[in-house]
Amino acid sequence: MSEYLESITALLKRIESEEATALDCASDAVADVICRDALVHVFGCGHSHLAALDAFYRAGGLACVSPVLDEDLMLHDGAAKSSRMEKMPGIAAEVFRRHGVKPGDLFVVISASGKNAAPVEMLRTAKAAGVKTTAIASSAYRPHGGVLLDEADIAIDCKVPHGDAVIEVGEATMGGLSTYASLFILNTVLIDGAKKALARGVTPPVYTSGNVEGGTARNVALEERYFGRIKHL
């Protein structure tokens with residue numbers, strides 16, 4: 001357990017130290033979104049979509065986060081199928097147009113490898129629509145075709161190793177890091193963006209736990225604000 005824990009914490013410390021400038025730029029972009037009452041869209045395929053779910057409609061989460069989810073690119077309706085479809089060209093643009101993305105929004109694409117068709121095309125589609133983009137991917141994949149970091153307006157290196165897993169178990173390697181890295185990066189950017197918006201005089205829209213006094217009423221008000229704007233709300 002300690003070996004895996006040390007791998008996770010060392011990675012997060014590297015991100016905090018080495019990606020400080022990129023994290024700051026991304027949180028500025030989030031603050032801009034909050035101040036103009038726009039949305040932060042988050043997209044990932046396979047396990048990368050977990051970060052979008054974690055940031056969506058949860059206690060302590062920004063209410064202006066819109067997860068860009070498509071069942072064909074997620075795991076619960078056929079994991080092997082989703083893995084193949086992530087590599088198929090032509091899917092991203094159709095998914096994009098179903099989520100009402102507008103100029104003034106921020107679009108975050110998460111892909112550890114940064115090389116497969118769906119995340120790369122999604123980022124390109126967002127840029128072509130005049131939307132600012134942020135990529136969370138690993139530079140370890142650049143020699144293997146990873147281009148996402150090079151094409152985003154704001155690039156954040158999640159620094160996971162090629163292959164993701166880090167603990168050798170016989171001939172196999174276990175213990176992926178990309179989920180921890182993407183969750184840490186995304187939540188750091190959203191929290192810091194909320195703080196910056198508040199410093200500009202704009203109260204960030206944040207959900208409260210429905211299990212604390214007054215939480216449900218506050219959340220209902222936020223739901224009403226974003227119904228019709230966030231597809232999965």
# chains A, B, ... in the order shown; residues from 1 in each chain; ligands from 1
>>> closest_atom_pairs(of="segment 6-115 of chain A", to="segment 157-164 of chain A", cutoff="8 Å", atoms="only C-alpha atoms", output="tab-separated table")
residue	atom	partner	partner_atom	distance
A:Leu11	CA	A:Lys159	CA	7.2
A:Ile15	CA	A:Cys158	CA	6.5
A:Glu19	CA	A:Asp157	CA	6.9
A:Ala112	CA	A:Val160	CA	7.3
A:Ser113	CA	A:His162	CA	7.8
>>> closest_atom_pairs(of="segment 138-196 of chain A", to="segment 91-108 of chain A", cutoff="12 Å", atoms="only C-alpha atoms", output="CSV")
residue,atom,partner,partner_atom,distance
A:Leu148,CA,A:Val108,CA,11.1
A:Leu149,CA,A:Val108,CA,11.5
A:Ala152,CA,A:Val108,CA,9.2
A:Asp153,CA,A:Phe107,CA,10.0
A:Ile154,CA,A:Val108,CA,9.2
A:Ala155,CA,A:Val108,CA,9.9
A:Ile156,CA,A:Val108,CA,10.4
A:Ser182,CA,A:Val108,CA,10.9
A:Ile185,CA,A:Val108,CA,11.1
A:Leu186,CA,A:Val108,CA,8.8
A:Val189,CA,A:Val108,CA,10.8
A:Leu190,CA,A:Val108,CA,11.2
A:Gly193,CA,A:Leu106,CA,11.9
>>> write_last_selection(atoms="N, CA and C atoms", output="tab-separated table (two decimals), in the first residue's frame")
chain	number	residue	atom	x	y	z
A	148	LEU	N	-2.37	16.20	-28.02
A	148	LEU	CA	-3.37	17.04	-27.38
A	148	LEU	C	-2.75	18.26	-26.70
A	149	LEU	N	-1.66	18.06	-25.97
A	149	LEU	CA	-1.03	19.17	-25.26
A	149	LEU	C	-0.54	20.26	-26.21
A	152	ALA	N	-3.86	22.53	-27.55
A	152	ALA	CA	-4.77	23.23	-26.65
A	152	ALA	C	-4.31	24.66	-26.41
A	153	ASP	N	-5.25	25.53	-26.09
A	153	ASP	CA	-4.91	26.90	-25.69
A	153	ASP	C	-4.15	26.89	-24.36
A	154	ILE	N	-4.60	26.03	-23.45
A	154	ILE	CA	-3.93	25.86	-22.15
A	154	ILE	C	-3.62	24.37	-22.00
A	155	ALA	N	-2.36	24.03	-21.83
A	155	ALA	CA	-1.94	22.63	-21.74
A	155	ALA	C	-1.43	22.32	-20.34
A	156	ILE	N	-2.01	21.29	-19.72
A	156	ILE	CA	-1.59	20.87	-18.38
A	156	ILE	C	-1.10	19.43	-18.47
A	182	SER	N	-5.89	13.53	-13.00
A	182	SER	CA	-6.90	14.38	-13.64
A	182	SER	C	-7.87	14.96	-12.62
A	185	ILE	N	-5.98	17.83	-10.84
A	185	ILE	CA	-5.82	18.99	-11.72
A	185	ILE	C	-7.15	19.72	-11.90
A	186	LEU	N	-8.19	18.98	-12.26
A	186	LEU	CA	-9.47	19.61	-12.55
A	186	LEU	C	-10.03	20.32	-11.32
A	189	VAL	N	-8.08	23.51	-10.45
A	189	VAL	CA	-8.40	24.60	-11.37
A	189	VAL	C	-9.78	25.19	-11.07
A	190	LEU	N	-10.75	24.35	-10.78
A	190	LEU	CA	-12.10	24.84	-10.49
A	190	LEU	C	-12.15	25.60	-9.16
A	193	GLY	N	-10.26	28.86	-9.60
A	193	GLY	CA	-11.06	29.75	-10.43
A	193	GLY	C	-12.20	30.38	-9.64
>>> closest_residue(among="A:Thr188, A:Ser83, A:Ser7, A:Ser48", to="Pro67 of chain A", atoms="only C-alpha atoms")
A:Ser48
>>> select_by_dssp(residues="segment 93-213 of chain A", states="strand (DSSP E)", output="PyMOL selection string")
chain A and resi 106-110+132-137+154-157+165-169+172-176
>>> residues_around(residues="Val220 of chain A", least_positions_apart="3", cutoff="12 Å", atoms="only C-alpha atoms", output="ChimeraX atom specification")
/A:57,63,205-210,214-217,223-227,233
>>> select_by_dssp(residues="segment 1-228 of chain A", states="helix (DSSP H, G or I)", output="PyMOL selection string")
chain A and resi 2-18+20-35+46-54+71-73+79-85+92-97+117-128+139-144+148-151+178-199+215-226
>>> closest_atom_pairs(of="segment 31-75 of chain A", to="segment 128-138 of chain A", cutoff="10 Å", atoms="only C-alpha atoms", output="tab-separated table")
residue	atom	partner	partner_atom	distance
A:Val40	CA	A:Thr133	CA	9.9
A:His41	CA	A:Thr133	CA	9.5
A:Val42	CA	A:Thr134	CA	9.4
A:Phe43	CA	A:Ala135	CA	9.8
A:Gly44	CA	A:Ile136	CA	9.7
A:Ser48	CA	A:Ile136	CA	9.8
>>> atom_distance(atom1="atom CA of Ile110 of chain A", atom2="atom CA of Arg36 of chain A")
23.9 Å
>>> residues_around(residues="Met1 of chain A", least_positions_apart="5", cutoff="12 Å", atoms="only C-alpha atoms", output="list in words")
Glu6, Ser7, Ile8, Ile167 and Gly175 of chain A
>>> atom_distance(atom1="atom CA of Ala118 of chain A", atom2="atom CA of Ala165 of chain A")
22.4 Å
>>> atom_distance(atom1="atom CA of His144 of chain A", atom2="atom CA of Glu121 of chain A")
17.3 Å
>>> residues_around(residues="His49 of chain A", least_positions_apart="2", cutoff="9 Å", atoms="only C-alpha atoms", output="MDAnalysis selection string")
chainID A and resid 42:47 51:54 67:69 73:74 110:111
>>> residues_around(residues="Pro204 of chain A", least_positions_apart="5", cutoff="8 Å", atoms="only C-alpha atoms", output="MDAnalysis selection string")
chainID A and resid 34 62 194:195 197:198
>>> residues_around(residues="Asp192 of chain A", least_positions_apart="5", cutoff="9 Å", atoms="only C-alpha atoms", output="number ranges by chain")
A: 23-24, 27-28, 30-31, 187, 197
